[in-house]
>>> print(open('entry12.txt').read())   # compact mmCIF, C-alpha atoms
# COMPACT_ATOMS: atom_id res chain seq x y z
CA MET A 1 125.63 50.92 92.23
CA ALA A 2 125.17 53.77 94.67
CA SER A 3 121.85 54.06 96.40
CA ILE A 4 119.60 57.00 95.56
CA GLU A 5 120.32 58.44 98.95
CA THR A 6 124.09 58.30 98.35
CA CYS A 7 123.66 59.86 94.93
CA GLU A 8 121.69 62.73 96.40
CA THR A 9 124.25 63.29 99.11
CA SER A 10 127.19 63.21 96.71
CA ALA A 11 125.36 65.40 94.21
CA ILE A 12 125.07 68.28 96.64
CA ARG A 13 128.66 67.95 97.79
CA ILE A 14 130.49 70.41 95.60
CA PRO A 15 134.23 71.08 95.65
CA PRO A 16 135.18 74.17 97.69
CA LEU A 17 135.43 77.54 95.98
CA ARG A 18 138.63 79.51 96.32
CA VAL A 19 138.04 83.26 96.73
CA GLY A 20 141.33 84.99 97.46
CA SER A 21 142.68 83.48 100.69
CA PHE A 22 139.28 81.96 101.55
CA SER A 23 137.97 78.49 100.82
CA LEU A 24 134.17 78.35 100.66
CA GLN A 25 132.48 75.01 101.28
CA SER A 26 129.21 76.33 99.86
CA ARG A 27 128.82 78.19 96.57
CA LEU A 28 125.79 79.91 98.00
CA ILE A 29 126.47 83.02 100.07
CA VAL A 30 123.46 84.31 101.94
CA GLY A 31 122.55 87.61 103.53
CA THR A 32 121.36 88.13 107.09
CA GLY A 33 118.94 91.00 106.42
CA LYS A 34 115.13 91.20 106.34
CA TYR A 35 114.32 88.11 108.43
CA ARG A 36 111.30 88.16 110.74
CA ASP A 37 113.50 87.32 113.71
CA PRO A 38 116.98 85.93 114.47
CA GLU A 39 115.65 82.40 114.97
CA GLN A 40 114.16 82.30 111.47
CA MET A 41 117.44 83.61 110.08
CA VAL A 42 119.60 81.01 111.80
CA VAL A 43 117.40 78.13 110.60
CA ALA A 44 117.44 79.44 107.02
CA ILE A 45 121.21 79.91 106.96
CA GLU A 46 121.64 76.36 108.22
CA ALA A 47 119.29 74.99 105.51
CA SER A 48 121.08 76.97 102.79
CA GLY A 49 124.34 75.23 103.66
CA ALA A 50 126.16 78.56 103.42
CA ASP A 51 129.37 78.98 105.38
CA VAL A 52 129.71 82.64 104.43
CA VAL A 53 127.08 85.23 105.36
CA THR A 54 126.97 88.93 104.61
CA VAL A 55 126.34 91.61 107.22
CA ALA A 56 125.99 95.41 107.16
CA VAL A 57 127.65 98.10 109.27
CA ARG A 58 125.25 100.45 111.05
CA ARG A 59 125.07 102.81 114.01
CA GLU A 60 124.71 101.25 117.43
CA ARG A 61 121.31 102.06 118.88
CA LEU A 62 122.50 103.81 122.02
CA VAL A 63 119.08 104.74 123.37
CA ASP A 64 116.48 102.15 122.45
CA ALA A 65 118.63 99.03 122.10
CA GLN A 66 116.50 95.94 122.59
CA GLY A 67 116.32 92.32 121.54
CA ARG A 68 119.12 89.99 120.52
CA SER A 69 121.88 91.49 118.45
CA LEU A 70 122.90 89.86 115.19
CA LEU A 71 126.25 88.93 116.66
CA GLU A 72 124.59 87.08 119.53
CA ALA A 73 122.33 85.13 117.14
CA LEU A 74 124.88 84.01 114.53
CA PRO A 75 126.97 80.87 115.13
CA LEU A 76 130.22 82.77 114.58
CA ASP A 77 132.38 79.70 115.15
CA ARG A 78 130.93 78.06 112.03
CA LEU A 79 130.47 81.07 109.76
CA THR A 80 132.79 83.45 107.97
CA ILE A 81 131.33 86.93 107.98
CA LEU A 82 131.46 88.97 104.79
CA PRO A 83 130.89 92.60 105.78
CA ASN A 84 129.36 94.82 103.12
CA THR A 85 129.35 98.53 102.39
CA ALA A 86 125.65 98.49 101.54
CA GLY A 87 123.99 101.87 101.39
CA CYS A 88 127.14 103.76 100.42
CA PHE A 89 126.90 106.16 97.48
CA THR A 90 130.50 107.38 97.31
CA ALA A 91 133.87 105.63 97.22
CA GLU A 92 134.95 107.61 100.31
CA ASP A 93 132.01 106.41 102.39
CA ALA A 94 132.50 102.81 101.22
CA VAL A 95 136.13 102.91 102.35
CA ARG A 96 135.08 104.31 105.76
CA VAL A 97 132.45 101.63 106.22
CA ALA A 98 134.82 98.84 105.13
CA ARG A 99 137.40 99.92 107.71
CA LEU A 100 134.78 100.06 110.47
CA GLY A 101 133.52 96.59 109.58
CA ARG A 102 137.05 95.23 109.62
CA ASP A 103 137.65 96.67 113.08
CA VAL A 104 134.56 94.93 114.50
CA LEU A 105 135.49 91.60 112.88
CA GLU A 106 139.05 91.84 114.20
CA GLN A 107 137.59 92.22 117.69
CA LEU A 108 135.52 89.08 117.09
CA GLY A 109 138.53 87.17 115.77
CA ASN A 110 136.54 86.33 112.62
CA ALA A 111 138.45 85.65 109.39
CA GLY A 112 136.00 87.94 107.60
CA ALA A 113 138.15 90.89 108.76
CA ARG A 114 140.32 90.26 105.69
CA TRP A 115 137.64 90.86 103.05
CA VAL A 116 134.74 93.11 102.14
CA LYS A 117 131.77 93.03 99.81
CA LEU A 118 132.09 96.41 98.15
CA GLU A 119 128.88 98.20 97.22
CA VAL A 120 128.89 101.74 95.89
CA LEU A 121 125.38 102.48 94.71
CA GLY A 122 124.15 105.05 92.22
CA ASP A 123 120.83 105.85 93.86
CA LYS A 124 118.32 104.56 96.34
CA ALA A 125 115.58 103.74 93.83
CA THR A 126 117.43 101.43 91.45
CA LEU A 127 120.21 100.33 93.86
CA MET A 128 122.30 99.95 90.71
CA PRO A 129 126.04 100.01 91.33
CA ASP A 130 127.89 103.22 90.52
CA PRO A 131 130.69 101.98 88.24
CA VAL A 132 133.11 104.87 88.75
CA GLY A 133 132.76 104.94 92.54
CA THR A 134 133.05 101.15 92.72
CA LEU A 135 136.26 101.20 90.69
CA GLN A 136 137.78 103.97 92.86
CA ALA A 137 136.87 102.25 96.11
CA CYS A 138 138.10 98.87 94.83
CA ALA A 139 141.57 100.32 94.15
CA GLU A 140 141.66 102.15 97.50
CA LEU A 141 140.57 99.14 99.56
CA THR A 142 142.94 96.80 97.73
CA LYS A 143 145.79 99.20 98.58
CA ASP A 144 144.62 99.09 102.20
CA GLY A 145 145.02 95.30 102.29
CA PHE A 146 141.41 94.21 101.82
CA GLU A 147 140.37 91.32 99.63
CA VAL A 148 137.64 93.11 97.70
CA LEU A 149 134.57 91.36 96.34
CA CYS A 150 133.01 93.93 94.02
CA TYR A 151 129.27 94.18 93.55
CA SER A 152 129.01 95.34 89.98
CA SER A 153 126.77 95.68 86.97
CA ASP A 154 126.92 92.89 84.39
CA ASP A 155 129.19 94.93 82.13
CA ALA A 156 132.18 92.84 81.03
CA MET A 157 134.50 95.80 80.47
CA LEU A 158 133.82 97.21 83.94
CA ALA A 159 134.38 93.74 85.38
CA ARG A 160 137.77 93.62 83.66
CA ARG A 161 138.65 97.06 85.06
CA LEU A 162 137.68 95.95 88.56
CA ARG A 163 139.82 92.84 88.28
CA ASP A 164 142.73 94.94 87.03
CA ALA A 165 142.22 97.32 89.97
CA GLY A 166 142.84 94.37 92.30
CA ALA A 167 139.39 92.89 92.91
CA THR A 168 139.50 89.42 94.44
CA SER A 169 136.12 88.64 92.91
CA VAL A 170 133.63 90.41 90.69
CA MET A 171 129.98 90.01 91.62
CA PRO A 172 127.70 91.04 88.75
CA ALA A 173 124.08 91.76 89.59
CA GLY A 174 121.56 89.38 88.04
CA SER A 175 118.97 92.17 88.40
CA PRO A 176 118.42 94.98 90.94
CA ILE A 177 118.84 94.13 94.63
CA GLY A 178 115.68 92.67 96.12
CA SER A 179 113.84 92.74 92.77
CA GLY A 180 113.35 88.99 92.43
CA ARG A 181 113.76 89.32 88.68
CA GLY A 182 116.53 86.71 88.53
CA VAL A 183 119.20 86.84 85.86
CA ALA A 184 117.71 89.54 83.64
CA ASN A 185 120.42 89.41 80.98
CA PRO A 186 122.02 85.97 80.81
CA GLU A 187 124.01 86.85 77.69
CA ALA A 188 125.70 89.76 79.46
CA ILE A 189 126.70 87.48 82.35
CA ALA A 190 127.97 84.90 79.82
CA VAL A 191 130.10 87.53 78.08
CA LEU A 192 131.44 88.77 81.44
CA LEU A 193 132.35 85.20 82.42
CA GLN A 194 134.14 84.63 79.14
CA VAL A 195 136.12 87.87 79.43
CA LEU A 196 137.21 87.14 83.00
CA LYS A 197 137.76 83.41 82.71
CA ASP A 198 138.88 82.58 79.18
CA PRO A 199 142.69 82.63 78.91
CA THR A 200 142.45 83.61 75.25
CA GLN A 201 140.64 86.76 76.39
CA GLY A 202 143.25 87.50 79.04
CA GLY A 203 141.16 85.81 81.71
CA GLN A 204 141.86 83.14 84.30
CA SER A 205 139.54 80.18 84.71
CA ASP A 206 139.85 80.29 88.50
CA PHE A 207 139.02 83.99 88.87
CA PRO A 208 135.88 83.85 91.02
CA VAL A 209 132.70 85.38 89.63
CA ILE A 210 129.70 85.36 91.94
CA VAL A 211 126.27 86.44 90.71
CA ASP A 212 124.89 88.78 93.34
CA ALA A 213 121.39 90.18 93.69
CA GLY A 214 118.00 89.76 92.09
CA VAL A 215 117.44 86.08 92.86
CA GLY A 216 113.76 85.27 93.36
CA VAL A 217 113.45 81.54 92.79
CA PRO A 218 115.78 78.52 92.81
CA SER A 219 115.87 78.37 89.00
CA ASP A 220 117.55 81.80 89.03
CA VAL A 221 120.39 80.27 91.04
CA THR A 222 120.56 77.28 88.71
CA LEU A 223 120.69 79.50 85.62
CA ALA A 224 123.51 81.60 87.08
CA MET A 225 125.49 78.47 87.88
CA GLU A 226 124.75 76.90 84.47
CA LEU A 227 126.13 80.02 82.83
CA GLY A 228 129.39 79.26 84.62
CA ALA A 229 129.27 81.50 87.68
CA ASP A 230 131.30 80.18 90.61
CA GLY A 231 128.65 81.04 93.14
CA VAL A 232 125.53 83.04 93.91
CA LEU A 233 124.85 85.56 96.66
CA LEU A 234 121.28 86.20 97.72
CA ASN A 235 119.28 87.50 100.64
CA THR A 236 115.72 88.65 99.97
CA GLY A 237 114.79 85.60 97.88
CA ILE A 238 115.14 83.51 101.03
CA ALA A 239 114.41 86.00 103.81
CA HIS A 240 111.13 87.24 102.33
CA ALA A 241 109.88 83.89 101.04
CA THR A 242 106.77 82.70 102.84
CA ASP A 243 108.81 79.75 104.14
CA PRO A 244 112.46 80.86 104.32
CA HIS A 245 113.60 77.52 105.75
CA ARG A 246 112.22 75.50 102.83
CA MET A 247 113.29 78.11 100.25
CA ALA A 248 116.85 78.09 101.62
CA HIS A 249 116.98 74.33 101.15
CA ALA A 250 115.62 74.66 97.61
CA MET A 251 118.25 77.28 96.80
CA LYS A 252 120.98 74.92 97.99
CA LEU A 253 119.71 72.12 95.72
CA ALA A 254 119.35 74.58 92.82
CA CYS A 255 122.96 75.67 93.26
CA ALA A 256 124.14 72.05 93.10
CA ALA A 257 121.96 71.38 90.04
CA GLY A 258 123.47 74.34 88.18
CA TYR A 259 127.00 73.52 89.27
CA TRP A 260 126.85 69.95 87.98
CA GLY A 261 124.81 70.90 84.91
CA ALA A 262 127.48 73.41 83.87
CA ARG A 263 130.11 70.68 84.07
CA SER A 264 128.22 67.91 82.30
CA GLY A 265 128.38 69.14 78.71
CA ARG A 266 124.92 70.23 77.66
CA ILE A 267 123.57 69.19 74.27
CA PRO A 268 123.69 71.76 71.49
CA ARG A 269 120.54 73.79 70.96
CA LYS A 270 118.75 72.87 67.73
CA LEU A 271 115.86 74.51 66.00
CA LEU A 272 114.20 71.23 65.09
CA GLY A 273 113.66 67.95 66.89
CA SER A 274 115.80 64.84 67.23
CA ALA A 275 113.94 61.64 68.09
CA SER A 276 114.91 59.75 71.25
CA SER A 277 113.35 56.50 70.00
CA PRO A 278 114.86 54.73 66.97
CA TRP A 279 113.36 55.08 63.50
CA SER A 280 114.69 51.66 62.53
CA GLY A 281 112.09 49.01 63.21
CA SER A 282 109.26 51.51 62.93
CA PHE A 283 106.28 49.91 61.16
CA VAL A 284 103.90 52.83 60.90
CA HIS A 285 103.31 55.47 58.25
CA ILE A 286 105.82 58.35 58.53
CA PRO A 287 104.68 61.60 56.82
CA GLY A 288 106.89 62.53 53.87
CA GLU A 289 108.31 59.01 53.50
CA MET B 290 132.01 119.45 126.33
CA LYS B 291 129.65 118.87 123.45
CA VAL B 292 130.20 116.21 120.80
CA VAL B 293 127.94 114.75 118.13
CA LEU B 294 127.45 111.08 118.87
CA ASN B 295 125.68 109.00 116.23
CA GLY B 296 124.09 112.13 114.85
CA GLU B 297 122.91 113.56 118.18
CA VAL B 298 124.47 116.31 120.27
CA ARG B 299 125.68 114.94 123.57
CA VAL B 300 127.48 116.43 126.54
CA VAL B 301 130.39 114.26 127.66
CA GLN B 302 133.20 114.55 130.19
CA SER B 303 135.87 117.01 129.06
CA SER B 304 138.99 115.49 127.39
CA GLY B 305 137.71 111.97 127.83
CA THR B 306 138.93 109.11 125.68
CA VAL B 307 136.94 107.01 123.24
CA GLN B 308 137.10 104.19 125.77
CA GLU B 309 135.56 106.39 128.48
CA LEU B 310 132.77 107.47 126.12
CA LEU B 311 132.00 103.84 125.25
CA HIS B 312 131.84 103.04 128.97
CA GLU B 313 129.48 105.97 129.51
CA VAL B 314 127.07 104.69 126.83
CA GLY B 315 127.39 101.06 127.90
CA ARG B 316 129.22 99.85 124.78
CA ASP B 317 132.69 99.16 126.21
CA THR B 318 132.15 95.40 126.49
CA VAL B 319 130.47 94.67 123.16
CA PRO B 320 132.15 94.52 119.73
CA CYS B 321 131.78 97.91 118.09
CA ALA B 322 133.90 100.20 115.95
CA VAL B 323 134.41 103.92 116.39
CA GLU B 324 135.02 106.71 113.94
CA VAL B 325 135.91 110.27 114.95
CA ASN B 326 135.48 112.97 112.30
CA CYS B 327 135.24 110.32 109.55
CA ASN B 328 138.46 108.54 110.59
CA LEU B 329 138.51 105.11 112.15
CA VAL B 330 139.89 104.95 115.67
CA PRO B 331 141.03 101.32 115.87
CA LYS B 332 140.06 99.32 118.95
CA LYS B 333 143.60 99.34 120.33
CA GLN B 334 143.58 103.15 120.38
CA HIS B 335 140.24 103.53 122.15
CA GLY B 336 142.01 103.96 125.49
CA VAL B 337 144.34 106.73 124.33
CA HIS B 338 142.40 108.66 121.69
CA GLN B 339 141.28 111.94 123.30
CA LEU B 340 137.97 113.44 122.26
CA HIS B 341 137.60 117.14 121.60
CA GLU B 342 134.80 119.70 121.60
CA GLY B 343 132.66 119.33 118.48
CA ASP B 344 134.00 115.91 117.49
CA ARG B 345 131.62 113.94 115.32
CA ILE B 346 131.65 110.38 116.60
CA GLU B 347 130.12 107.27 115.08
CA VAL B 348 129.78 104.09 117.13
CA VAL B 349 128.83 101.22 114.83
CA THR B 350 128.25 97.50 114.91
CA LEU B 351 127.26 94.71 112.54
CA VAL B 352 123.60 94.20 111.66
CA GLY B 353 121.66 91.98 109.28
CA GLY B 354 122.32 92.81 105.64
CA GLY B 355 122.72 91.39 102.18
>>> encode(input="entry12.txt", output="structure tokens")
Amino acid sequence: MASIETCETSAIRIPPLRVGSFSLQSRLIVGTGKYRDPEQMVVAIEASGADVVTVAVRRERLVDAQGRSLLEALPLDRLTILPNTAGCFTAEDAVRVARLGRDVLEQLGNAGARWVKLEVLGDKATLMPDPVGTLQACAELTKDGFEVLCYSSDDAMLARRLRDAGATSVMPAGSPIGSGRGVANPEAIAVLLQVLKDPTQGGQSDFPVIVDAGVGVPSDVTLAMELGADGVLLNTGIAHATDPHRMAHAMKLACAAGYWGARSGRIPRKLLGSASSPWSGSFVHIPGE
Amino acid sequence: MKVVLNGEVRVVQSSGTVQELLHEVGRDTVPCAVEVNCNLVPKKQHGVHQLHEGDRIEVVTLVGGG
């Protein structure tokens, strides 16, 4: 009989996730934005267990540069960087940004030069993905040799189009970026997963689907994983928590809970109850009997 | 000659290369990527890519993001 400690350790050790040519030890991918300072970020990333972190591409501050740069703070030897095209509103701009990010990562010798988290947004208020621009950019970047992880809406037909355009992974939004609303439409995510993963629907069970955006609390991560997602990407839910270190740890445990829950065969939902204690041997009055 | 560097007009040495511009702004030893007129100039071409009057140049790096 394994000790409780061993059980806990083995429970959070999840098989690696294959995403294109990458093998992820953690199913949680975390962002590096919005932290109070680099120290807080590094501690939170460590506690999350993530081995992949997202970054953005922005102008160098040529005049008022100060403080530690992100690249100085991150333990690049232990992390794979996933550069994003956040803030792009057209396919053309997303392709430009992806190429710039790749060039920086090639200079750093980081494996993340091979892939990109594609974001083509519709507008600044909703931050909802623009489906047409995302599809165009996905095809263009795939042609250019990128492994493209597509931030997308939770629409199953768009997800299928993205996969057919060469996407390495589709990353449906749980809810708008930074909203903390969790998985707003679990049924839509479930349909998307079925369409992409069920062989009878033309899917492949090992096609990676990562729920991206909207996570507020650990149960959001668990729900996404219970639905059958391969992983979850989040940033604000950890970075803006009052205690990012503790929240990152909770998110890691939640991811493991959902992963194992999804693979343990849940009981069917029933409208009425089913007693856990036996009726046989009961010696009290039972209504209706 | 005048170029637009990260959105601001800047006077730089005539017919300089990307590499020389990066040296001038103190970014030749840190990882950064350069785009001239919306086209990437890969790192290995920084030393040979000549800049021209009116070029729009972006010098970018990686920052925190989600």
>>> interface_residues(input="entry12.txt", of="chain A", to="chain B", cutoff="9 Å", atoms="all atoms listed in the file", output="ChimeraX atom specification")
/A:30-35,53-63,69-71,83-84,86,93,96,99-108,177,213,233-236
>>> write_last_selection(input="entry12.txt", atoms="C-alpha atoms", output="compact mmCIF listing (two decimals), keeping the file's coordinate frame")
# COMPACT_ATOMS: atom_id res chain seq x y z
CA VAL A 30 123.46 84.31 101.94
CA GLY A 31 122.55 87.61 103.53
CA THR A 32 121.36 88.13 107.09
CA GLY A 33 118.94 91.00 106.42
CA LYS A 34 115.13 91.20 106.34
CA TYR A 35 114.32 88.11 108.43
CA VAL A 53 127.08 85.23 105.36
CA THR A 54 126.97 88.93 104.61
CA VAL A 55 126.34 91.61 107.22
CA ALA A 56 125.99 95.41 107.16
CA VAL A 57 127.65 98.10 109.27
CA ARG A 58 125.25 100.45 111.05
CA ARG A 59 125.07 102.81 114.01
CA GLU A 60 124.71 101.25 117.43
CA ARG A 61 121.31 102.06 118.88
CA LEU A 62 122.50 103.81 122.02
CA VAL A 63 119.08 104.74 123.37
CA SER A 69 121.88 91.49 118.45
CA LEU A 70 122.90 89.86 115.19
CA LEU A 71 126.25 88.93 116.66
CA PRO A 83 130.89 92.60 105.78
CA ASN A 84 129.36 94.82 103.12
CA ALA A 86 125.65 98.49 101.54
CA ASP A 93 132.01 106.41 102.39
CA ARG A 96 135.08 104.31 105.76
CA ARG A 99 137.40 99.92 107.71
CA LEU A 100 134.78 100.06 110.47
CA GLY A 101 133.52 96.59 109.58
CA ARG A 102 137.05 95.23 109.62
CA ASP A 103 137.65 96.67 113.08
CA VAL A 104 134.56 94.93 114.50
CA LEU A 105 135.49 91.60 112.88
CA GLU A 106 139.05 91.84 114.20
CA GLN A 107 137.59 92.22 117.69
CA LEU A 108 135.52 89.08 117.09
CA ILE A 177 118.84 94.13 94.63
CA ALA A 213 121.39 90.18 93.69
CA LEU A 233 124.85 85.56 96.66
CA LEU A 234 121.28 86.20 97.72
CA ASN A 235 119.28 87.50 100.64
CA THR A 236 115.72 88.65 99.97
>>> residues_around(input="entry12.txt", residues="Gly265 of chain A", least_positions_apart="4", cutoff="12 Å", atoms="only C-alpha atoms", output="VMD selection string")
chain A and resid 226 to 228 258 to 261 269
>>> closest_residue(input="entry12.txt", among="A:Glu72, A:Asp51, A:Asp164, A:Glu187", to="Glu39 of chain A", atoms="all atoms listed in the file")
A:Glu72
>>> residues_near_point(input="entry12.txt", point="(133.6, 92.0, 77.8)", cutoff="7 Å", atoms="only C-alpha atoms", output="JSON, numbers by chain")
{"A": [155, 156, 157, 191, 192, 195]}
>>> residues_around(input="entry12.txt", residues="Leu79 of chain A", least_positions_apart="4", cutoff="9 Å", atoms="only C-alpha atoms", output="short mmCIF file (atom, residue, chain, number, x, y, z; two decimals) with C-alpha atoms, in the frame of the given file")
data_model
loop_
_atom_site.label_atom_id
_atom_site.label_comp_id
_atom_site.auth_asym_id
_atom_site.auth_seq_id
_atom_site.Cartn_x
_atom_site.Cartn_y
_atom_site.Cartn_z
CA ALA A 50 126.16 78.56 103.42
CA ASP A 51 129.37 78.98 105.38
CA VAL A 52 129.71 82.64 104.43
CA VAL A 53 127.08 85.23 105.36
CA LEU A 74 124.88 84.01 114.53
CA PRO A 75 126.97 80.87 115.13
CA ASN A 110 136.54 86.33 112.62
#
>>> closest_residue(input="entry12.txt", among="B:Ser304, B:Glu297, B:Met290, B:Glu309", to="Arg345 of chain B", atoms="only C-alpha atoms")
B:Glu297
>>> atom_distance(input="entry12.txt", atom1="atom CA of Val19 of chain A", atom2="atom CA of Ser179 of chain A")
26.3 Å
>>> atom_distance(input="entry12.txt", atom1="atom CA of Arg263 of chain A", atom2="atom CA of Asp230 of chain A")
11.6 Å
>>> closest_residue(input="entry12.txt", among="B:Gln334, B:His341, B:Ile346, B:Val325", to="Gln302 of chain B", atoms="all atoms listed in the file")
B:His341
>>> closest_residue(input="entry12.txt", among="B:Asp344, B:Lys291, B:Asn326, B:Val337", to="Ser303 of chain B", atoms="all atoms listed in the file")
B:Lys291
>>> closest_residue(input="entry12.txt", among="A:Arg78, A:Arg160, A:His240, A:Arg246", to="Gln204 of chain A", atoms="all atoms listed in the file")
A:Arg160
>>> closest_residue(input="entry12.txt", among="A:Leu24, A:Ala256, A:Val221, A:Pro199", to="Pro186 of chain A", atoms="all atoms listed in the file")
A:Val221
>>> residues_around(input="entry12.txt", residues="Arg181 of chain A", least_positions_apart="6", cutoff="10 Å", atoms="only C-alpha atoms", output="ChimeraX atom specification")
/A:174-175,213-217,220,237
>>> atom_distance(input="entry12.txt", atom1="atom CA of Asp144 of chain A", atom2="atom CA of Val209 of chain A")
22.1 Å
>>> axis_aligned_box(input="entry12.txt", around="segment 164-183 of chain A", padding_each_side="8 Å", output="lines of an AutoDock Vina configuration file")
center_x = 128.1
center_y = 92.0
center_z = 91.0
size_x = 45.5
size_y = 26.6
size_z = 26.3
